[in-house]
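Enquirer: Quick one, input-v4.pdb (PDB, C-alpha atoms):
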```
ATOM      1  CA  MET A   1     -24.426  -7.459  10.033
ATOM      2  CA  PRO A   2     -20.700  -8.097   9.504
ATOM      3  CA  LEU A   3     -18.121  -7.260  12.112
ATOM      4  CA  ALA A   4     -15.968  -4.321  11.082
ATOM      5  CA  LEU A   5     -13.069  -2.423  12.566
ATOM      6  CA  VAL A   6     -13.950   1.247  12.887
ATOM      7  CA  SER A   7     -12.487   4.527  14.047
ATOM      8  CA  THR A   8     -14.589   6.716  16.314
ATOM      9  CA  ALA A   9     -14.228  10.221  17.679
ATOM     10  CA  GLU A  10     -14.426   8.861  21.230
ATOM     11  CA  THR A  11     -11.424   6.525  21.282
ATOM     12  CA  PRO A  12      -7.968   6.520  19.669
ATOM     13  CA  ALA A  13      -7.997   2.721  19.375
ATOM     14  CA  PRO A  14      -9.684   0.822  16.516
ATOM     15  CA  THR A  15     -12.987  -0.667  17.668
ATOM     16  CA  LEU A  16     -14.574  -3.917  16.468
ATOM     17  CA  ARG A  17     -18.352  -3.746  16.157
ATOM     18  CA  GLU A  18     -21.249  -4.771  13.957
ATOM     19  CA  ALA A  19     -21.698  -2.355  11.074
ATOM     20  CA  ALA A  20     -24.249  -2.177   8.288
ATOM     21  CA  LEU A  21     -22.841  -2.449   4.776
ATOM     22  CA  PRO A  22     -23.653   0.416   2.422
ATOM     23  CA  PRO A  23     -26.041  -0.397  -0.436
ATOM     24  CA  LEU A  24     -24.506  -2.199  -3.421
ATOM     25  CA  GLY A  25     -24.178   0.458  -6.123
ATOM     26  CA  PRO A  26     -24.385  -0.344  -9.834
ATOM     27  CA  GLY A  27     -20.593  -0.244 -10.188
ATOM     28  CA  ASP A  28     -19.792  -2.025  -6.922
ATOM     29  CA  LEU A  29     -18.871  -5.474  -5.683
ATOM     30  CA  ARG A  30     -19.756  -6.973  -2.316
ATOM     31  CA  VAL A  31     -16.790  -8.977  -1.078
ATOM     32  CA  ARG A  32     -16.352 -11.431   1.794
ATOM     33  CA  VAL A  33     -12.902 -10.531   3.104
ATOM     34  CA  THR A  34     -10.243 -13.254   3.118
ATOM     35  CA  ALA A  35      -7.457 -11.060   4.508
ATOM     36  CA  ALA A  36      -6.585  -7.378   4.853
ATOM     37  CA  SER A  37      -3.248  -5.708   5.463
ATOM     38  CA  VAL A  38      -2.598  -3.251   8.282
ATOM     39  CA  ASP A  39      -0.585  -0.355   6.880
ATOM     40  CA  PRO A  40       0.991   2.685   8.558
ATOM     41  CA  VAL A  41      -1.765   4.871   7.107
ATOM     42  CA  ASP A  42      -4.333   2.788   9.033
ATOM     43  CA  THR A  43      -2.731   3.712  12.352
ATOM     44  CA  LEU A  44      -3.070   7.391  11.401
ATOM     45  CA  PHE A  45      -6.796   7.003  10.774
ATOM     46  CA  ALA A  46      -7.515   5.036  13.940
ATOM     47  CA  GLY A  47      -7.998   8.115  16.094
ATOM     48  CA  GLY A  48      -4.827   9.735  14.789
ATOM     49  CA  PRO A  49      -3.991  12.863  12.799
ATOM     50  CA  ALA A  50      -5.574  11.624   9.566
ATOM     51  CA  ARG A  51      -9.024  12.042  11.106
ATOM     52  CA  THR A  52      -8.342  15.741  11.487
ATOM     53  CA  ILE A  53      -6.687  16.116   8.078
ATOM     54  CA  PHE A  54      -9.674  14.545   6.309
ATOM     55  CA  GLY A  55     -12.267  16.195   8.543
ATOM     56  CA  LEU A  56     -13.636  12.888   9.855
ATOM     57  CA  THR A  57     -15.889  13.525  12.841
ATOM     58  CA  GLY A  58     -18.084  10.415  13.052
ATOM     59  CA  THR A  59     -17.543   6.676  12.959
ATOM     60  CA  VAL A  60     -15.760   5.418   9.839
ATOM     61  CA  GLY A  61     -14.374   2.089   8.670
ATOM     62  CA  LEU A  62     -10.681   1.210   8.555
ATOM     63  CA  GLY A  63      -8.430  -0.588   6.105
ATOM     64  CA  TRP A  64      -7.262   0.012   2.530
ATOM     65  CA  SER A  65      -5.960  -3.277   1.142
ATOM     66  CA  LEU A  66      -7.786  -6.606   0.926
ATOM     67  CA  THR A  67      -8.354  -9.917  -0.761
ATOM     68  CA  GLY A  68     -11.665 -11.716  -0.717
ATOM     69  CA  VAL A  69     -14.421 -13.529  -2.579
ATOM     70  CA  VAL A  70     -17.195 -11.768  -4.487
ATOM     71  CA  THR A  71     -20.632 -12.241  -2.875
ATOM     72  CA  GLY A  72     -22.595  -9.645  -4.857
ATOM     73  CA  VAL A  73     -22.251  -7.832  -8.191
ATOM     74  CA  GLY A  74     -23.671  -4.407  -9.090
ATOM     75  CA  ALA A  75     -26.047  -4.133 -12.015
ATOM     76  CA  GLU A  76     -23.526  -2.390 -14.308
ATOM     77  CA  VAL A  77     -20.461  -4.491 -13.430
ATOM     78  CA  THR A  78     -18.881  -6.754 -16.034
ATOM     79  CA  GLY A  79     -15.933  -9.113 -15.694
ATOM     80  CA  PHE A  80     -16.742 -10.280 -12.164
ATOM     81  CA  SER A  81     -19.046 -13.024 -10.865
ATOM     82  CA  VAL A  82     -20.149 -14.275  -7.474
ATOM     83  CA  GLY A  83     -17.479 -16.644  -6.176
ATOM     84  CA  ASP A  84     -14.525 -14.921  -7.867
ATOM     85  CA  PRO A  85     -11.384 -14.455  -5.723
ATOM     86  CA  VAL A  86     -10.314 -10.817  -5.924
ATOM     87  CA  ALA A  87      -8.032  -8.150  -4.503
ATOM     88  CA  ALA A  88      -8.910  -4.492  -4.067
ATOM     89  CA  VAL A  89      -7.945  -1.100  -2.689
ATOM     90  CA  HIS A  90     -10.679   0.576  -0.618
ATOM     91  CA  ARG A  91      -9.923   4.277  -0.766
ATOM     92  CA  ASP A  92     -13.147   5.842   0.571
ATOM     93  CA  VAL A  93     -12.042   7.032   4.014
ATOM     94  CA  THR A  94     -15.614   8.080   4.880
ATOM     95  CA  ALA A  95     -17.165   4.635   4.295
ATOM     96  CA  PRO A  96     -18.746   2.952   7.342
ATOM     97  CA  VAL A  97     -17.115  -0.388   6.453
ATOM     98  CA  ARG A  98     -13.799  -0.768   4.634
ATOM     99  CA  ALA A  99     -11.152  -3.493   4.304
ATOM    100  CA  HIS A 100     -10.828  -4.412   7.990
ATOM    101  CA  ALA A 101     -14.121  -6.261   8.138
ATOM    102  CA  GLU A 102     -15.760  -9.604   7.546
ATOM    103  CA  GLU A 103     -17.472  -8.255   4.435
ATOM    104  CA  THR A 104     -17.279  -4.974   2.546
ATOM    105  CA  VAL A 105     -18.356  -3.125  -0.602
ATOM    106  CA  VAL A 106     -15.738  -1.872  -3.077
ATOM    107  CA  PRO A 107     -15.872  -0.270  -6.536
ATOM    108  CA  ALA A 108     -15.307  -2.833  -9.287
ATOM    109  CA  ALA A 109     -12.938  -0.297 -10.893
ATOM    110  CA  ALA A 110     -10.615  -0.653  -7.862
ATOM    111  CA  THR A 111     -10.707  -4.459  -7.956
ATOM    112  CA  ALA A 112      -8.855  -7.200  -9.837
ATOM    113  CA  LEU A 113      -9.226 -10.950 -10.120
ATOM    114  CA  LEU A 114      -6.633 -12.928  -8.181
ATOM    115  CA  PRO A 115      -4.511 -15.037 -10.534
ATOM    116  CA  GLY A 116      -3.845 -18.675  -9.830
ATOM    117  CA  GLY A 117      -0.713 -19.557  -7.918
ATOM    118  CA  LEU A 118      -0.977 -16.595  -5.551
ATOM    119  CA  ASP A 119      -1.789 -17.251  -1.899
ATOM    120  CA  GLU A 120      -5.155 -15.589  -1.218
ATOM    121  CA  VAL A 121      -4.108 -14.461   2.275
ATOM    122  CA  ASP A 122      -0.551 -13.317   1.571
ATOM    123  CA  ALA A 123      -1.749 -11.434  -1.511
ATOM    124  CA  ALA A 124      -3.538  -8.936   0.759
ATOM    125  CA  SER A 125      -0.168  -7.235   1.194
ATOM    126  CA  VAL A 126      -0.072  -6.363  -2.520
ATOM    127  CA  PRO A 127      -2.942  -3.990  -3.470
ATOM    128  CA  LEU A 128      -2.162  -0.771  -1.587
ATOM    129  CA  ASN A 129       1.603  -1.116  -1.306
ATOM    130  CA  ALA A 130       2.369  -2.304  -4.831
ATOM    131  CA  SER A 131      -0.104   0.187  -6.330
ATOM    132  CA  THR A 132       1.627   3.025  -4.481
ATOM    133  CA  ALA A 133       5.068   1.811  -5.563
ATOM    134  CA  ALA A 134       3.919   1.438  -9.179
ATOM    135  CA  GLN A 135       2.554   4.985  -9.273
ATOM    136  CA  MET A 136       5.794   6.335  -7.814
ATOM    137  CA  VAL A 137       7.988   4.550 -10.347
ATOM    138  CA  HIS A 138       5.626   5.495 -13.195
ATOM    139  CA  ARG A 139       5.911   9.203 -12.311
ATOM    140  CA  LEU A 140       9.620   9.058 -13.121
ATOM    141  CA  GLY A 141       9.045   8.145 -16.767
ATOM    142  CA  PRO A 142      11.161   5.683 -18.781
ATOM    143  CA  ALA A 143      14.294   4.307 -17.139
ATOM    144  CA  ASP A 144      16.604   5.017 -20.087
ATOM    145  CA  GLY A 145      19.517   3.577 -18.109
ATOM    146  CA  ARG A 146      19.127   6.095 -15.303
ATOM    147  CA  THR A 147      20.182   5.512 -11.702
ATOM    148  CA  LEU A 148      17.607   5.326  -8.904
ATOM    149  CA  LEU A 149      17.850   5.290  -5.121
ATOM    150  CA  VAL A 150      14.921   3.705  -3.269
ATOM    151  CA  THR A 151      14.705   4.659   0.414
ATOM    152  CA  GLY A 152      13.000   2.299   2.819
ATOM    153  CA  ALA A 153      13.873  -0.377   0.291
ATOM    154  CA  ALA A 154      13.107  -3.261   2.646
ATOM    155  CA  GLY A 155       9.705  -1.873   3.594
ATOM    156  CA  ALA A 156       6.417  -2.849   1.981
ATOM    157  CA  VAL A 157       6.224   0.060  -0.484
ATOM    158  CA  GLY A 158       9.985   0.365  -0.961
ATOM    159  CA  GLY A 159      10.449  -3.339  -1.583
ATOM    160  CA  TYR A 160       7.878  -3.312  -4.353
ATOM    161  CA  ALA A 161       9.409  -0.120  -5.762
ATOM    162  CA  VAL A 162      12.829  -1.790  -6.000
ATOM    163  CA  ALA A 163      11.371  -4.753  -7.870
ATOM    164  CA  LEU A 164       9.190  -2.684 -10.211
ATOM    165  CA  ALA A 165      11.958  -0.210 -11.014
ATOM    166  CA  ALA A 166      14.509  -2.956 -11.680
ATOM    167  CA  HIS A 167      11.943  -4.765 -13.844
ATOM    168  CA  ALA A 168      11.489  -1.522 -15.811
ATOM    169  CA  GLY A 169      15.225  -1.169 -16.433
ATOM    170  CA  TRP A 170      16.343   1.245 -13.725
ATOM    171  CA  LYS A 171      19.800   0.863 -12.158
ATOM    172  CA  VAL A 172      18.555   0.556  -8.585
ATOM    173  CA  THR A 173      20.414   1.168  -5.340
ATOM    174  CA  ALA A 174      18.572   0.322  -2.123
ATOM    175  CA  LEU A 175      18.772   2.302   1.123
ATOM    176  CA  ALA A 176      18.115  -0.199   3.923
ATOM    177  CA  ARG A 177      19.724  -1.929   6.873
ATOM    178  CA  ALA A 178      22.704  -4.190   6.262
ATOM    179  CA  ASP A 179      20.738  -7.276   7.273
ATOM    180  CA  ASP A 180      18.210  -6.531   4.507
ATOM    181  CA  ARG A 181      20.847  -7.045   1.811
ATOM    182  CA  ALA A 182      19.621 -10.470   0.698
ATOM    183  CA  PHE A 183      16.061  -9.237   0.186
ATOM    184  CA  VAL A 184      16.863  -6.035  -1.723
ATOM    185  CA  LEU A 185      19.327  -7.809  -4.028
ATOM    186  CA  ARG A 186      16.747 -10.526  -4.639
ATOM    187  CA  ALA A 187      14.211  -7.811  -5.472
ATOM    188  CA  GLY A 188      16.529  -6.428  -8.141
ATOM    189  CA  ALA A 189      18.762  -3.806  -6.525
ATOM    190  CA  ARG A 190      22.333  -3.673  -7.799
ATOM    191  CA  ALA A 191      23.701  -2.360  -4.518
ATOM    192  CA  LEU A 192      22.738  -1.531  -0.947
ATOM    193  CA  VAL A 193      23.684   1.551   1.064
ATOM    194  CA  THR A 194      22.956   2.029   4.741
ATOM    195  CA  GLU A 195      23.297   5.819   4.851
ATOM    196  CA  LEU A 196      21.928   8.556   2.605
ATOM    197  CA  PRO A 197      24.527   9.578   0.024
ATOM    198  CA  GLY A 198      25.074  13.008  -1.428
ATOM    199  CA  PRO A 199      23.540  14.221  -4.704
ATOM    200  CA  SER A 200      24.553  11.329  -6.947
ATOM    201  CA  PHE A 201      21.354   9.715  -8.314
ATOM    202  CA  ASP A 202      19.219  10.626 -11.295
ATOM    203  CA  ALA A 203      16.107   9.957  -9.215
ATOM    204  CA  VAL A 204      14.857   8.947  -5.772
ATOM    205  CA  VAL A 205      11.746   6.976  -4.841
ATOM    206  CA  ASP A 206      11.237   7.834  -1.182
ATOM    207  CA  GLY A 207       9.591   4.776   0.364
ATOM    208  CA  ALA A 208      10.847   5.784   3.819
ATOM    209  CA  VAL A 209       9.009   9.156   3.754
ATOM    210  CA  LEU A 210      12.225  11.052   4.461
ATOM    211  CA  HIS A 211      11.388  13.837   1.996
ATOM    212  CA  ALA A 212      13.874  16.728   2.407
ATOM    213  CA  ALA A 213      16.657  14.451   3.633
ATOM    214  CA  ALA A 214      16.190  12.048   0.713
ATOM    215  CA  LEU A 215      15.986  14.922  -1.774
ATOM    216  CA  GLY A 216      19.645  15.551  -1.017
ATOM    217  CA  ALA A 217      20.559  12.298  -2.775
ATOM    218  CA  VAL A 218      19.230  13.556  -6.131
ATOM    219  CA  ARG A 219      21.638  15.196  -8.548
ATOM    220  CA  ASP A 220      20.859  18.684  -9.870
ATOM    221  CA  GLY A 221      18.035  18.513 -12.391
ATOM    222  CA  GLY A 222      16.969  15.037 -11.304
ATOM    223  CA  ALA A 223      13.630  13.750 -10.026
ATOM    224  CA  PHE A 224      12.136  12.910  -6.632
ATOM    225  CA  VAL A 225       8.912  11.041  -5.913
ATOM    226  CA  GLY A 226       7.446  10.725  -2.415
ATOM    227  CA  VAL A 227       4.132  10.041  -0.749
ATOM    228  CA  THR A 228       1.874  12.494   1.059
ATOM    229  CA  SER A 229       3.479  13.949   4.182
ATOM    230  CA  SER A 230       2.873  16.815   6.582
ATOM    231  CA  SER A 231       6.361  18.088   5.622
ATOM    232  CA  PRO A 232       6.798  17.326   1.910
ATOM    233  CA  ALA A 233      10.010  17.958   0.031
ATOM    234  CA  ALA A 234      10.173  21.244  -1.898
ATOM    235  CA  PRO A 235      11.819  21.619  -5.319
ATOM    236  CA  GLU A 236      15.414  22.819  -5.308
ATOM    237  CA  ARG A 237      18.444  22.719  -7.625
ATOM    238  CA  GLY A 238      16.156  22.065 -10.577
ATOM    239  CA  VAL A 239      14.972  18.774  -9.044
ATOM    240  CA  GLU A 240      11.421  17.861 -10.079
ATOM    241  CA  VAL A 241       9.370  16.863  -7.026
ATOM    242  CA  ALA A 242       6.208  14.749  -7.296
ATOM    243  CA  ILE A 243       3.996  13.716  -4.373
ATOM    244  CA  VAL A 244       1.847  10.626  -4.927
ATOM    245  CA  SER A 245      -1.440   9.723  -3.246
ATOM    246  CA  VAL A 246      -2.582   6.277  -4.313
ATOM    247  CA  GLU A 247      -5.356   6.130  -6.902
ATOM    248  CA  PRO A 248      -7.037   2.705  -7.092
ATOM    249  CA  ASP A 249      -6.828   1.223 -10.580
ATOM    250  CA  GLY A 250      -8.157  -2.278 -11.144
ATOM    251  CA  ALA A 251      -6.325  -2.755 -14.447
ATOM    252  CA  ARG A 252      -2.983  -1.767 -12.938
ATOM    253  CA  LEU A 253      -3.669  -3.937  -9.900
ATOM    254  CA  ALA A 254      -4.297  -6.912 -12.198
ATOM    255  CA  GLU A 255      -0.850  -6.349 -13.747
ATOM    256  CA  LEU A 256       0.783  -6.141 -10.325
ATOM    257  CA  LEU A 257      -0.913  -9.336  -9.137
ATOM    258  CA  ALA A 258       0.310 -11.095 -12.287
ATOM    259  CA  LEU A 259       3.855  -9.941 -11.499
ATOM    260  CA  ALA A 260       3.465 -11.305  -7.961
ATOM    261  CA  ALA A 261       2.207 -14.631  -9.305
ATOM    262  CA  ALA A 262       5.208 -14.729 -11.660
ATOM    263  CA  GLY A 263       7.646 -14.076  -8.804
ATOM    264  CA  VAL A 264       8.703 -10.572  -9.891
ATOM    265  CA  LEU A 265       7.056  -9.098  -6.787
ATOM    266  CA  GLU A 266       7.467 -10.861  -3.452
ATOM    267  CA  PRO A 267       4.519 -10.547  -1.034
ATOM    268  CA  ARG A 268       5.939 -10.501   2.477
ATOM    269  CA  VAL A 269       3.955 -11.171   5.623
ATOM    270  CA  ALA A 270       5.187 -10.187   9.079
ATOM    271  CA  GLY A 271       2.327 -11.993  10.804
ATOM    272  CA  ARG A 272      -1.320 -12.990  10.696
ATOM    273  CA  VAL A 273      -3.895 -12.367  13.406
ATOM    274  CA  ALA A 274      -7.654 -12.725  13.678
ATOM    275  CA  LEU A 275      -9.782  -9.643  13.092
ATOM    276  CA  SER A 276     -10.701  -9.805  16.789
ATOM    277  CA  ASP A 277      -6.990  -9.414  17.644
ATOM    278  CA  ALA A 278      -6.465  -6.404  15.393
ATOM    279  CA  ALA A 279      -4.912  -4.375  18.243
ATOM    280  CA  THR A 280      -1.834  -6.621  18.096
ATOM    281  CA  ALA A 281      -1.270  -5.854  14.411
ATOM    282  CA  TYR A 282      -1.958  -2.133  14.828
ATOM    283  CA  ASP A 283       0.552  -1.933  17.688
ATOM    284  CA  LYS A 284       3.212  -3.757  15.667
ATOM    285  CA  VAL A 285       2.751  -1.477  12.665
ATOM    286  CA  ALA A 286       2.689   1.689  14.782
ATOM    287  CA  GLY A 287       5.970   0.604  16.361
ATOM    288  CA  GLY A 288       7.686   0.457  12.947
ATOM    289  CA  GLY A 289      10.559  -1.727  11.811
ATOM    290  CA  GLN A 290       8.349  -4.501  10.399
ATOM    291  CA  ARG A 291       9.459  -6.542   7.414
ATOM    292  CA  GLY A 292       6.321  -7.317   5.472
ATOM    293  CA  ARG A 293       2.755  -6.565   6.450
ATOM    294  CA  TRP A 294       0.629  -7.757   9.325
ATOM    295  CA  LEU A 295      -2.565  -9.287   8.009
ATOM    296  CA  LEU A 296      -6.018  -9.464   9.573
ATOM    297  CA  VAL A 297      -7.860 -12.686   8.792
ATOM    298  CA  PRO A 298     -11.600 -12.587   9.602
TER     299      PRO A 298
END
```
With the file now loaded, output its structure as structure tokens.
Expert:
Amino acid sequence: MPLALVSTAETPAPTLREAALPPLGPGDLRVRVTAASVDPVDTLFAGGPARTIFGLTGTVGLGWSLTGVVTGVGAEVTGFSVGDPVAAVHRDVTAPVRAHAEETVVPAAATALLPGGLDEVDAASVPLNASTAAQMVHRLGPADGRTLLVTGAAGAVGGYAVALAAHAGWKVTALARADDRAFVLRAGARALVTELPGPSFDAVVDGAVLHAAALGAVRDGGAFVGVTSSSPAAPERGVEVAIVSVEPDGARLAELLALAAAGVLEPRVAGRVALSDAATAYDKVAGGGQRGRWLLVP
């Protein structure tokens, strides 16, 4: 049985143990994991509040975002073969084995082939974060020359949001620290601010999960997109508020990986550790302030 990082009801820390893979369904792929990113959401599931929110009482696997090599193909799957390098988002929070494992099972519909020219380890930072950023930018509709503020613009989701929005034609301003200027300008921002401005932007993509505070930067009648939070922003002043929870989409992921291979998106890695040293990565991510993702390499 493969080693997998799991969350249990008995301990708040992620636990490494042998875990049986679920059966390979007709629409599934079995994947030997090359690398998996540790994201803030993972720290919430490892004995944290997300267990309560999702009603998780038993032992469940951890990890959303991975790259790997296909080792098994479901009977109804097309477009994938054993030996293919792939990337995927594993969204099933009840699964006994997820991305933080030596091997896992993922839906083919949530998986994309890795293009050439993309590092198979570093690319593990792309699936969850870029997919989330893409859904946030997409919710805003066409750019049409509008102005956009991205909060947390030097973070993993925010950084991808800056690049995707600029690529789509938005006039992007980045909210980040002063020493992140080089990165956000390279990603496509036209300017950097270090403090939240008043209501002056047509839209906000809230990568920093500030919600109500960031809503104040949107002009009357504008648009705000954030991610799920215990205290989400509420509509005011005619501002349209959308809250995004990532939906795995293999076709969209393939497009995002192609953009990464072309240099439009910049995968950033804060560090790599062995799966057996996962506690180091979890502690770093829980502490915040990371630039790029910590990756687990089985």
Enquirer: Where does the PyMOL selection byres ((chain A and resi 290) around 10) land in this file, that is, which residues does it pick, as a PyMOL selection string?
Expert: chain A and resi 154-156+269-271+284-289+291-294
Enquirer: Using the chain letters and residue numbers of this document, give as a PyMOL selection string the residues selected by the PyMOL selection byres ((chain A and resi 12-20) around 9).
Expert: chain A and resi 1-11+21-22+43+45-48+61-62+96-97+101+275-276+278-279+282
Enquirer: (-0.6, -12.6, -2.9) in this file's frame - what residues fall within 10 Å of it? Use only C-alpha atoms and give the answer as a PDB file with C-alpha atoms, in the coordinates of the input.
Expert:
```
ATOM      1  CA  THR A  67      -8.354  -9.917  -0.761  1.00  0.00           C
ATOM      2  CA  ALA A  87      -8.032  -8.150  -4.503  1.00  0.00           C
ATOM      3  CA  LEU A 114      -6.633 -12.928  -8.181  1.00  0.00           C
ATOM      4  CA  PRO A 115      -4.511 -15.037 -10.534  1.00  0.00           C
ATOM      5  CA  GLY A 116      -3.845 -18.675  -9.830  1.00  0.00           C
ATOM      6  CA  GLY A 117      -0.713 -19.557  -7.918  1.00  0.00           C
ATOM      7  CA  LEU A 118      -0.977 -16.595  -5.551  1.00  0.00           C
ATOM      8  CA  ASP A 119      -1.789 -17.251  -1.899  1.00  0.00           C
ATOM      9  CA  GLU A 120      -5.155 -15.589  -1.218  1.00  0.00           C
ATOM     10  CA  VAL A 121      -4.108 -14.461   2.275  1.00  0.00           C
ATOM     11  CA  ASP A 122      -0.551 -13.317   1.571  1.00  0.00           C
ATOM     12  CA  ALA A 123      -1.749 -11.434  -1.511  1.00  0.00           C
ATOM     13  CA  ALA A 124      -3.538  -8.936   0.759  1.00  0.00           C
ATOM     14  CA  SER A 125      -0.168  -7.235   1.194  1.00  0.00           C
ATOM     15  CA  VAL A 126      -0.072  -6.363  -2.520  1.00  0.00           C
ATOM     16  CA  PRO A 127      -2.942  -3.990  -3.470  1.00  0.00           C
ATOM     17  CA  LEU A 256       0.783  -6.141 -10.325  1.00  0.00           C
ATOM     18  CA  LEU A 257      -0.913  -9.336  -9.137  1.00  0.00           C
ATOM     19  CA  ALA A 258       0.310 -11.095 -12.287  1.00  0.00           C
ATOM     20  CA  ALA A 260       3.465 -11.305  -7.961  1.00  0.00           C
ATOM     21  CA  ALA A 261       2.207 -14.631  -9.305  1.00  0.00           C
ATOM     22  CA  LEU A 265       7.056  -9.098  -6.787  1.00  0.00           C
ATOM     23  CA  GLU A 266       7.467 -10.861  -3.452  1.00  0.00           C
ATOM     24  CA  PRO A 267       4.519 -10.547  -1.034  1.00  0.00           C
ATOM     25  CA  ARG A 268       5.939 -10.501   2.477  1.00  0.00           C
ATOM     26  CA  VAL A 269       3.955 -11.171   5.623  1.00  0.00           C
TER      27      VAL A 269
END
```
Enquirer: Have a look at atom CA of Val70 of chain A and atom CA of Thr111 of chain A and let me know their distance in Å, one decimal.
Expert: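 These two atoms are separated by 10.4 Å.
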Enquirer: Determine, counting only C-alpha atoms, which protein, DNA and RNA residues have an atom within 10 Å of an atom of Arg186 of chain A; residues of the same chain fewer than 5 positions away are not included. Present the result as a list in words.
Expert: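 Near Arg186 of chain A, the qualifying residues are Val162, Ala163, Arg181, Val264 and Glu266 of chain A.
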Enquirer: Any chance you could model N, CA and C atoms for segment 204-221 of chain A and send them as a PDB file, in the frame of the given file?
Expert:
```pdb
ATOM      1  N   VAL A 204      15.109   9.605  -7.055  1.00  0.00           N
ATOM      2  CA  VAL A 204      14.857   8.947  -5.772  1.00  0.00           C
ATOM      3  C   VAL A 204      13.379   8.612  -5.665  1.00  0.00           C
ATOM      4  N   VAL A 205      13.086   7.368  -5.278  1.00  0.00           N
ATOM      5  CA  VAL A 205      11.746   6.976  -4.841  1.00  0.00           C
ATOM      6  C   VAL A 205      11.819   6.841  -3.327  1.00  0.00           C
ATOM      7  N   ASP A 206      11.076   7.695  -2.628  1.00  0.00           N
ATOM      8  CA  ASP A 206      11.237   7.834  -1.182  1.00  0.00           C
ATOM      9  C   ASP A 206      10.225   6.974  -0.417  1.00  0.00           C
ATOM     10  N   GLY A 207      10.474   5.676  -0.364  1.00  0.00           N
ATOM     11  CA  GLY A 207       9.591   4.776   0.364  1.00  0.00           C
ATOM     12  C   GLY A 207       9.623   4.970   1.865  1.00  0.00           C
ATOM     13  N   ALA A 208      10.695   5.584   2.374  1.00  0.00           N
ATOM     14  CA  ALA A 208      10.847   5.784   3.819  1.00  0.00           C
ATOM     15  C   ALA A 208      10.220   7.079   4.316  1.00  0.00           C
ATOM     16  N   VAL A 209       9.644   7.879   3.415  1.00  0.00           N
ATOM     17  CA  VAL A 209       9.009   9.156   3.754  1.00  0.00           C
ATOM     18  C   VAL A 209       9.999  10.076   4.471  1.00  0.00           C
ATOM     19  N   LEU A 210      11.191  10.172   3.906  1.00  0.00           N
ATOM     20  CA  LEU A 210      12.225  11.052   4.461  1.00  0.00           C
ATOM     21  C   LEU A 210      12.126  12.463   3.890  1.00  0.00           C
ATOM     22  N   HIS A 211      11.605  12.575   2.700  1.00  0.00           N
ATOM     23  CA  HIS A 211      11.388  13.837   1.996  1.00  0.00           C
ATOM     24  C   HIS A 211      12.652  14.695   1.902  1.00  0.00           C
ATOM     25  N   ALA A 212      12.769  15.795   2.625  1.00  0.00           N
ATOM     26  CA  ALA A 212      13.874  16.728   2.407  1.00  0.00           C
ATOM     27  C   ALA A 212      15.231  16.044   2.525  1.00  0.00           C
ATOM     28  N   ALA A 213      15.376  15.139   3.474  1.00  0.00           N
ATOM     29  CA  ALA A 213      16.657  14.451   3.633  1.00  0.00           C
ATOM     30  C   ALA A 213      16.975  13.605   2.403  1.00  0.00           C
ATOM     31  N   ALA A 214      15.965  12.906   1.878  1.00  0.00           N
ATOM     32  CA  ALA A 214      16.190  12.048   0.713  1.00  0.00           C
ATOM     33  C   ALA A 214      16.398  12.866  -0.557  1.00  0.00           C
ATOM     34  N   LEU A 215      15.813  14.056  -0.613  1.00  0.00           N
ATOM     35  CA  LEU A 215      15.986  14.922  -1.774  1.00  0.00           C
ATOM     36  C   LEU A 215      17.462  15.241  -2.000  1.00  0.00           C
ATOM     37  N   GLY A 216      18.223  15.253  -0.915  1.00  0.00           N
ATOM     38  CA  GLY A 216      19.645  15.551  -1.017  1.00  0.00           C
ATOM     39  C   GLY A 216      20.436  14.515  -1.783  1.00  0.00           C
ATOM     40  N   ALA A 217      19.858  13.343  -2.032  1.00  0.00           N
ATOM     41  CA  ALA A 217      20.559  12.298  -2.775  1.00  0.00           C
ATOM     42  C   ALA A 217      20.367  12.426  -4.283  1.00  0.00           C
ATOM     43  N   VAL A 218      19.514  13.373  -4.707  1.00  0.00           N
ATOM     44  CA  VAL A 218      19.230  13.556  -6.131  1.00  0.00           C
ATOM     45  C   VAL A 218      20.204  14.574  -6.719  1.00  0.00           C
ATOM     46  N   ARG A 219      20.753  14.246  -7.871  1.00  0.00           N
ATOM     47  CA  ARG A 219      21.638  15.196  -8.548  1.00  0.00           C
ATOM     48  C   ARG A 219      20.840  16.401  -9.034  1.00  0.00           C
ATOM     49  N   ASP A 220      21.523  17.495  -9.335  1.00  0.00           N
ATOM     50  CA  ASP A 220      20.859  18.684  -9.870  1.00  0.00           C
ATOM     51  C   ASP A 220      20.094  18.323 -11.138  1.00  0.00           C
ATOM     52  N   GLY A 221      18.833  18.778 -11.215  1.00  0.00           N
ATOM     53  CA  GLY A 221      18.035  18.513 -12.391  1.00  0.00           C
ATOM     54  C   GLY A 221      17.409  17.130 -12.429  1.00  0.00           C
TER      55      GLY A 221
END
```
